[in-house]
Amino acid sequence: MKRRTVWQEIRRKEFVYLFLAPTFALLALFEYYPAFSAVYHSFFDWDGFYVNRFIGPANYKEILFDDWALRISVVNMLKLMAFGMAVGLAMPILVAEVLFSLRSLRWKYAYRVLLVLPALIPGIVGMLLWGYMYEPTYGLVNQLLRAVGLGGLAREWLGDPRVALYALMFMGFPWVGGIGVLIYLAGLQNIPQEVLDCCKLDGAQGLSRFFRVDLPLIMGQVKLNVIMGFIGGIQGFGVQLILTKGGPGFATTVPGLVLYDNAFKYGRMGYASAIGVCMFVIIMGLTYANMKYLKSGIEYQAKS
Amino acid sequence: MSAKRGNSWIELSKHILLWIIVVLTFYPFAFIFITSLKTQSQFELYFWQVVRPFHWENYAFAWAKVAPYIANSIVICVVATTLILVVSSMSAYVFARFAFPFKEVLFYAILGIVMIPGTLTLITRFVLVKRLGLLDTRWVLILPYVAGGQVFSILFLRTFFASIPEELFEAARLDGASELASCLRIAIPLSMPILSTVAILNVLAQWNDLIWPLVTITSEHLKTIPVGIAYFRTSIWRPETGQVMAAYMITSLPLVVLFFASMRTFIEGLTSGAIKA
């Protein structure tokens with residue numbers, strides 16, 4: 001009886017499902033199916049096309065115990081991500097605070113325009129440009145060092161295993177070009193004027209206002225950026241693919257690149273899928289933890 | 001008076017700080033521009049200086065090579081983003097305005113996609129498009145962009161549609177408007193600002209996407225900007241440094257032009273607080 005009424009309800013609202021049909025057709029084909037297929041094939045020795053042999057959890061065993069390139073790549077990724085998230089949060093927030101406190105509205109607008117411009121330049125141009133700056137002979141960095149008499153420090157920045165990873169970290173300096181500043185600025189502008197007036201009366205200015213008022217109130221944006229930083233940081237490998245191929249040796253390799261190489265260079269798509277599944281599990285865990293713990297963090301701060 | 005002067009010193013130091021950041025951010029691009037007007041020997045002899053004569057012909061050379069990439073990127077972005085707006089408005093409208101069986105389940109089925117890492121599905125999606133015979137066509141970019149881009153678009157739009165007062169729709173219904181008509185005549189016009197924000201964010205993502213087109217597009221005449229210029233320097237044309245820089249300049253321009261044409265919407269869209277957790 002119940003089932004029948006649900007069915008009638010569905011029939012009555014047919015148009016709803018019609019509206020949703022394109023969304024779910026596309027999701028099924030290009031999102032759900034590939035995701036399930038990846039989980040399924042992570043238990044196979046699979047080259048994507050012909051070889052397809054069930055091997056149980058062997059791929060996962062290899063990931064955990066035998067793949068030393070992957071192990072190096074995880075350490076590299078953690079370093080890159082820790083640094084990237086630290087400067088990626090600190091610099092835009094700092095700039096947004098300074099912009100927010102500027103008195104001249106016209107300049108405020110001008111700086112906003114200037115700082116959003118780099119976000120419009122294709123990321124690839126930024127990458128290639130930095131790759132170019134690190135070049136041994138005509139790279140901007142070495143030329144600058146020679147010009148100021150520090151030629152001894154000049155080197156092939158991306159070719160020296162001791163510094164290549166740090167060179168990748170330094171890319172994008174001063175790390176503010178992008179929409180991060182705008183997003184934090186929006187958060188700050190949403191703080192009610194009364195709250196800011198109260199701060200002034202109570203003498204809470206500068207750092208104490210920043211930690212007690214501003215930061216908790218832009219925590220939503222911070223949280224979102226932390227999640228995006230994790231998700232992007234764990235899988236990202238565009239820079240390595242274009243500039244270093246993970247080298248020299250394994251100095252700059254990251255898990256995403258190991259996955260890519262396994263899939264598209266060595267034809268080990270089953271194994272690559274298993275790496276992808278591990279990333280998925282880690283990302284899900286971190287997203288969950290982020291939502292849970294960062295949130296309780298704000299509530300605590302707001303109360304104290 | 002003295003307090004005011006103290007304040008203006010603080011203001012000045014803020015400006016100095018911001019200018020340092022702006023200069024450091026832009027210097028590399030200024031360098032690209034200066035270098036793009038040099039021949040190879042000018043570049044090697046006068047690395048830092050601006051030197052005459054300017055070689056604008058570098059731009060002619062680079063334009064001939066990268067114009068097709070730009071055209072491809074524009075086609076892909078326009079088609080994919082338009083489709084995303086249509087498809088995600090429809091779904092967001094339904095989720096915002098109606099109660100129906102399995103609504104929660106279906107909504108979480110969309111929300112859950114956010115957590116699936118792109119690299120997990122990269123391989124199997126590649127195998128899928130290969131089987132579908134889509135490899136090396138425009139659809140291989142457009143369809144997955146629509147499938148993926150609609151997710152966060154639906155989440156944004158749904159919140160906005162839900163905030164439109166019910167009375168407006170009630171009035172339309174009394175006037176005998178159909179659901180489709182009230183979506184088109186009421187919800188969509190009121191949502192222009194949020195729709196343009198969603199469009200901008202999607203265009204940015206598609207414009208910059210590198211890895212997917214790198215693995216799925218091999219024909220020269222279908223390549224988008226990122227794939228086209230990624231290996232431009234080492235390509236068969238053996239371009240000089242100045243020509244490479246000219247190519248970087250040209251490929252950077254379209255979005256900048258679009259930006260100046262729609263600056264207000266762009267900045268307001270991004271600062272409107274639409275992007276929140």
# chains A, B, ... in the order shown; residues from 1 in each chain; ligands from 1
call {"tool": "interface_residues", "arguments": {"of": "chain B", "to": "chain A", "cutoff": "7 Å", "atoms": "only C-alpha atoms", "output": "ChimeraX atom specification"}}
result
/B:11,14,21,24-25,87,90-91,94,100-101,115-117,119-121,123-125,127,144,147,207-208,211,226,230,248,252,255-256,270-273,276-277
call {"tool": "write_last_selection", "arguments": {"atoms": "N, CA, C and O atoms", "output": "short mmCIF file (atom, residue, chain, number, x, y, z; two decimals), in the first residue's frame"}}
result
data_model
loop_
_atom_site.label_atom_id
_atom_site.label_comp_id
_atom_site.auth_asym_id
_atom_site.auth_seq_id
_atom_site.Cartn_x
_atom_site.Cartn_y
_atom_site.Cartn_z
N GLU B 11 48.87 54.47 7.18
CA GLU B 11 48.28 54.26 5.85
C GLU B 11 49.36 54.14 4.80
O GLU B 11 49.30 53.28 3.93
N LYS B 14 51.04 50.82 4.83
CA LYS B 14 50.19 49.81 4.20
C LYS B 14 50.32 49.85 2.68
O LYS B 14 50.42 48.82 2.03
N ILE B 21 54.07 43.93 -2.75
CA ILE B 21 53.43 42.67 -3.15
C ILE B 21 52.96 42.73 -4.61
O ILE B 21 53.18 41.79 -5.38
N LEU B 24 56.07 42.53 -6.87
CA LEU B 24 56.63 41.18 -6.92
C LEU B 24 55.73 40.24 -7.71
O LEU B 24 56.20 39.36 -8.42
N THR B 25 54.42 40.44 -7.59
CA THR B 25 53.49 39.58 -8.31
C THR B 25 53.55 39.85 -9.81
O THR B 25 53.46 38.95 -10.61
N VAL B 87 21.82 22.93 -17.26
CA VAL B 87 21.59 21.69 -16.51
C VAL B 87 21.53 21.94 -15.01
O VAL B 87 20.64 21.44 -14.32
N MET B 90 18.34 23.80 -13.79
CA MET B 90 17.17 22.92 -13.73
C MET B 90 17.17 22.10 -12.44
O MET B 90 16.19 22.06 -11.71
N SER B 91 18.31 21.47 -12.16
CA SER B 91 18.37 20.62 -10.96
C SER B 91 18.27 21.45 -9.69
O SER B 91 17.55 21.09 -8.76
N VAL B 94 14.71 22.55 -8.95
CA VAL B 94 13.89 21.47 -8.42
C VAL B 94 14.22 21.19 -6.94
O VAL B 94 13.33 21.06 -6.11
N PHE B 100 9.78 15.97 -2.97
CA PHE B 100 9.44 14.80 -3.80
C PHE B 100 10.15 13.59 -3.23
O PHE B 100 11.12 13.72 -2.48
N PRO B 101 9.66 12.40 -3.56
CA PRO B 101 10.27 11.19 -3.00
C PRO B 101 11.75 11.08 -3.40
O PRO B 101 12.12 11.44 -4.51
N MET B 115 33.65 14.77 -2.92
CA MET B 115 34.74 14.07 -2.23
C MET B 115 35.53 13.14 -3.14
O MET B 115 36.59 12.67 -2.75
N ILE B 116 35.02 12.83 -4.31
CA ILE B 116 35.74 11.90 -5.18
C ILE B 116 36.90 12.62 -5.84
O ILE B 116 36.68 13.59 -6.56
N PRO B 117 38.14 12.19 -5.58
CA PRO B 117 39.26 12.90 -6.17
C PRO B 117 39.33 12.69 -7.68
O PRO B 117 39.08 11.59 -8.18
N THR B 119 41.83 12.45 -9.56
CA THR B 119 42.82 11.48 -10.02
C THR B 119 42.31 10.05 -9.91
O THR B 119 42.74 9.19 -10.67
N LEU B 120 41.38 9.81 -8.98
CA LEU B 120 40.82 8.45 -8.87
C LEU B 120 40.10 8.09 -10.16
O LEU B 120 40.24 6.99 -10.68
N THR B 121 39.32 9.04 -10.67
CA THR B 121 38.50 8.74 -11.83
C THR B 121 39.21 9.04 -13.15
O THR B 121 38.68 8.73 -14.21
N ILE B 123 41.77 7.69 -14.62
CA ILE B 123 42.14 6.53 -15.43
C ILE B 123 40.90 5.87 -16.03
O ILE B 123 40.82 5.63 -17.24
N THR B 124 39.93 5.58 -15.14
CA THR B 124 38.76 4.85 -15.62
C THR B 124 37.92 5.72 -16.57
O THR B 124 37.30 5.20 -17.48
N ARG B 125 37.94 7.03 -16.34
CA ARG B 125 37.21 7.91 -17.25
C ARG B 125 37.90 7.92 -18.63
O ARG B 125 37.25 7.96 -19.66
N VAL B 127 39.57 5.38 -19.90
CA VAL B 127 39.22 4.11 -20.55
C VAL B 127 37.80 4.21 -21.10
O VAL B 127 37.52 3.78 -22.22
N PRO B 144 32.65 15.67 -19.85
CA PRO B 144 33.11 15.55 -18.45
C PRO B 144 33.16 16.91 -17.73
O PRO B 144 32.91 16.96 -16.53
N ALA B 147 29.63 17.40 -16.59
CA ALA B 147 29.31 16.46 -15.51
C ALA B 147 29.94 16.91 -14.20
O ALA B 147 29.29 16.91 -13.15
N TRP B 207 39.33 26.71 -18.48
CA TRP B 207 40.39 27.44 -19.19
C TRP B 207 41.76 26.92 -18.75
O TRP B 207 42.70 26.85 -19.52
N ASN B 208 41.88 26.61 -17.45
CA ASN B 208 43.16 26.21 -16.88
C ASN B 208 43.41 24.72 -16.88
O ASN B 208 44.48 24.28 -16.51
N ILE B 211 45.55 18.48 -17.26
CA ILE B 211 45.87 17.07 -17.36
C ILE B 211 44.87 16.30 -18.23
O ILE B 211 45.27 15.47 -19.05
N PRO B 226 46.27 25.34 -22.56
CA PRO B 226 47.29 24.73 -21.71
C PRO B 226 48.10 23.65 -22.42
O PRO B 226 49.33 23.62 -22.33
N ALA B 230 52.07 24.11 -23.46
CA ALA B 230 52.91 23.40 -22.49
C ALA B 230 54.25 23.02 -23.11
O ALA B 230 55.30 23.14 -22.48
N TYR B 248 53.13 33.39 -24.68
CA TYR B 248 52.60 33.43 -23.31
C TYR B 248 51.73 34.67 -23.13
O TYR B 248 50.68 34.61 -22.50
N SER B 252 47.61 34.71 -22.44
CA SER B 252 47.13 35.26 -21.17
C SER B 252 46.04 36.30 -21.38
O SER B 252 45.29 36.61 -20.47
N LEU B 255 41.27 36.13 -21.15
CA LEU B 255 40.52 36.26 -19.90
C LEU B 255 40.68 37.65 -19.30
O LEU B 255 39.78 38.16 -18.66
N VAL B 256 41.86 38.25 -19.51
CA VAL B 256 42.07 39.59 -18.98
C VAL B 256 41.14 40.57 -19.68
O VAL B 256 40.53 41.43 -19.04
N LEU B 270 32.64 37.55 -7.07
CA LEU B 270 33.60 36.84 -6.23
C LEU B 270 33.60 37.36 -4.80
O LEU B 270 33.95 36.64 -3.88
N THR B 271 33.23 38.63 -4.60
CA THR B 271 33.26 39.17 -3.24
C THR B 271 31.88 39.15 -2.59
O THR B 271 31.73 39.59 -1.47
N SER B 272 30.88 38.66 -3.30
CA SER B 272 29.52 38.77 -2.78
C SER B 272 29.28 37.85 -1.60
O SER B 272 28.22 37.87 -1.01
N GLY B 273 30.25 37.03 -1.28
CA GLY B 273 30.03 36.11 -0.18
C GLY B 273 29.33 34.84 -0.64
O GLY B 273 28.87 34.05 0.17
N LYS B 276 31.16 30.38 0.26
CA LYS B 276 31.35 30.12 1.68
C LYS B 276 31.15 28.65 1.94
O LYS B 276 30.48 27.97 1.19
N ALA B 277 31.73 28.20 3.01
CA ALA B 277 31.55 26.78 3.34
C ALA B 277 30.15 26.55 3.86
O ALA B 277 29.58 27.44 4.47
#
call {"tool": "residues_around", "arguments": {"residues": "Gly242 of chain B", "least_positions_apart": "2", "cutoff": "7 Å", "atoms": "only C-alpha atoms", "output": "list in words"}}
result
Thr35, Ser36, Leu37, Lys38, Thr39, Gln40, Asn58, Glu240, Val244, Met245 and Ala246 of chain B
call {"tool": "residues_around", "arguments": {"residues": "Gly149 of chain B", "least_positions_apart": "4", "cutoff": "10 Å", "atoms": "only C-alpha atoms", "output": "MDAnalysis selection string"}}
result
chainID B and resid 80:81 83:85 88 143:145 153:154 198:199 201:203 205:206
call {"tool": "write_last_selection", "arguments": {"atoms": "N, CA, C and O atoms", "output": "short mmCIF file (atom, residue, chain, number, x, y, z; two decimals), in the first residue's frame"}}
result
data_model
loop_
_atom_site.label_atom_id
_atom_site.label_comp_id
_atom_site.auth_asym_id
_atom_site.auth_seq_id
_atom_site.Cartn_x
_atom_site.Cartn_y
_atom_site.Cartn_z
N ALA B 80 30.63 24.33 -22.88
CA ALA B 80 30.53 23.60 -21.60
C ALA B 80 29.86 24.46 -20.54
O ALA B 80 28.98 23.98 -19.82
N THR B 81 30.24 25.74 -20.45
CA THR B 81 29.67 26.58 -19.40
C THR B 81 28.18 26.82 -19.64
O THR B 81 27.38 26.80 -18.70
N LEU B 83 26.09 24.81 -21.13
CA LEU B 83 25.41 23.57 -20.75
C LEU B 83 25.33 23.43 -19.23
O LEU B 83 24.31 23.04 -18.68
N ILE B 84 26.43 23.77 -18.55
CA ILE B 84 26.43 23.67 -17.09
C ILE B 84 25.34 24.55 -16.50
O ILE B 84 24.59 24.14 -15.62
N LEU B 85 25.23 25.79 -17.02
CA LEU B 85 24.24 26.71 -16.46
C LEU B 85 22.83 26.16 -16.67
O LEU B 85 22.00 26.20 -15.75
N SER B 88 22.46 22.76 -14.50
CA SER B 88 22.48 22.92 -13.04
C SER B 88 21.35 23.84 -12.57
O SER B 88 20.86 23.66 -11.46
N LEU B 143 31.80 17.09 -22.30
CA LEU B 143 30.89 16.28 -21.47
C LEU B 143 31.40 16.08 -20.04
O LEU B 143 30.67 16.35 -19.09
N PRO B 144 32.65 15.67 -19.85
CA PRO B 144 33.11 15.55 -18.45
C PRO B 144 33.16 16.91 -17.73
O PRO B 144 32.91 16.96 -16.53
N TYR B 145 33.42 17.99 -18.43
CA TYR B 145 33.40 19.31 -17.78
C TYR B 145 32.01 19.62 -17.27
O TYR B 145 31.84 20.15 -16.18
N SER B 153 28.02 23.99 -8.97
CA SER B 153 27.07 24.97 -9.49
C SER B 153 25.67 24.73 -8.91
O SER B 153 24.98 25.66 -8.53
N ILE B 154 25.28 23.46 -8.84
CA ILE B 154 23.97 23.13 -8.27
C ILE B 154 23.91 23.56 -6.80
O ILE B 154 22.94 24.16 -6.35
N VAL B 198 28.86 31.75 -11.04
CA VAL B 198 29.02 30.33 -11.34
C VAL B 198 29.69 30.16 -12.71
O VAL B 198 30.60 29.35 -12.89
N ALA B 199 29.26 30.96 -13.68
CA ALA B 199 29.84 30.88 -15.02
C ALA B 199 31.33 31.20 -14.97
O ALA B 199 32.15 30.46 -15.54
N LEU B 201 33.47 30.99 -12.47
CA LEU B 201 34.27 29.96 -11.80
C LEU B 201 34.45 28.74 -12.71
O LEU B 201 35.52 28.14 -12.76
N ASN B 202 33.39 28.40 -13.45
CA ASN B 202 33.51 27.28 -14.37
C ASN B 202 34.46 27.57 -15.51
O ASN B 202 35.29 26.73 -15.89
N VAL B 203 34.36 28.78 -16.06
CA VAL B 203 35.26 29.15 -17.16
C VAL B 203 36.71 29.09 -16.70
O VAL B 203 37.58 28.53 -17.37
N ALA B 205 38.02 27.29 -14.36
CA ALA B 205 38.46 25.91 -14.18
C ALA B 205 38.74 25.25 -15.54
O ALA B 205 39.75 24.58 -15.72
N GLN B 206 37.85 25.47 -16.51
CA GLN B 206 38.03 24.82 -17.81
C GLN B 206 39.21 25.42 -18.56
O GLN B 206 39.98 24.73 -19.21
#
call {"tool": "select_by_dssp", "arguments": {"residues": "segment 119-161 of chain A", "states": "alpha helix (DSSP H)", "output": "NGL selection string"}}
result
:A and (119-120 or 123-133 or 140-147)
call {"tool": "residues_around", "arguments": {"residues": "segment 131-141 of chain B", "least_positions_apart": "5", "cutoff": "7 Å", "atoms": "only C-alpha atoms", "output": "compact mmCIF listing (two decimals) with N, CA and C atoms, in the first residue's frame"}}
result
# COMPACT_ATOMS: atom_id res chain seq x y z
N PRO B 213 42.86 17.33 -20.82
CA PRO B 213 43.11 17.50 -22.26
C PRO B 213 44.46 16.94 -22.70
N THR B 216 43.73 13.31 -23.37
CA THR B 216 42.66 12.91 -24.29
C THR B 216 42.75 13.56 -25.67
N ILE B 217 43.50 14.65 -25.79
CA ILE B 217 43.57 15.35 -27.08
C ILE B 217 44.96 15.18 -27.68
N THR B 218 45.01 14.67 -28.88
CA THR B 218 46.32 14.52 -29.51
C THR B 218 46.43 15.32 -30.80
N SER B 219 45.28 15.59 -31.46
CA SER B 219 45.33 16.34 -32.72
C SER B 219 45.71 17.79 -32.47
call {"tool": "residues_around", "arguments": {"residues": "segment 155-170 of chain A", "least_positions_apart": "2", "cutoff": "7 Å", "atoms": "only C-alpha atoms", "output": "list in words"}}
result
Leu80, Phe83, Gly84, Tyr134, Glu135, Pro136, Asn142, Leu153, Gly172, Phe173, Thr244, Pro248, Ala251 and Thr252 of chain A
call {"tool": "atom_distance", "arguments": {"atom1": "atom CA of Trp56 of chain B", "atom2": "atom CA of Gly131 of chain A"}}
result
24.4 Å
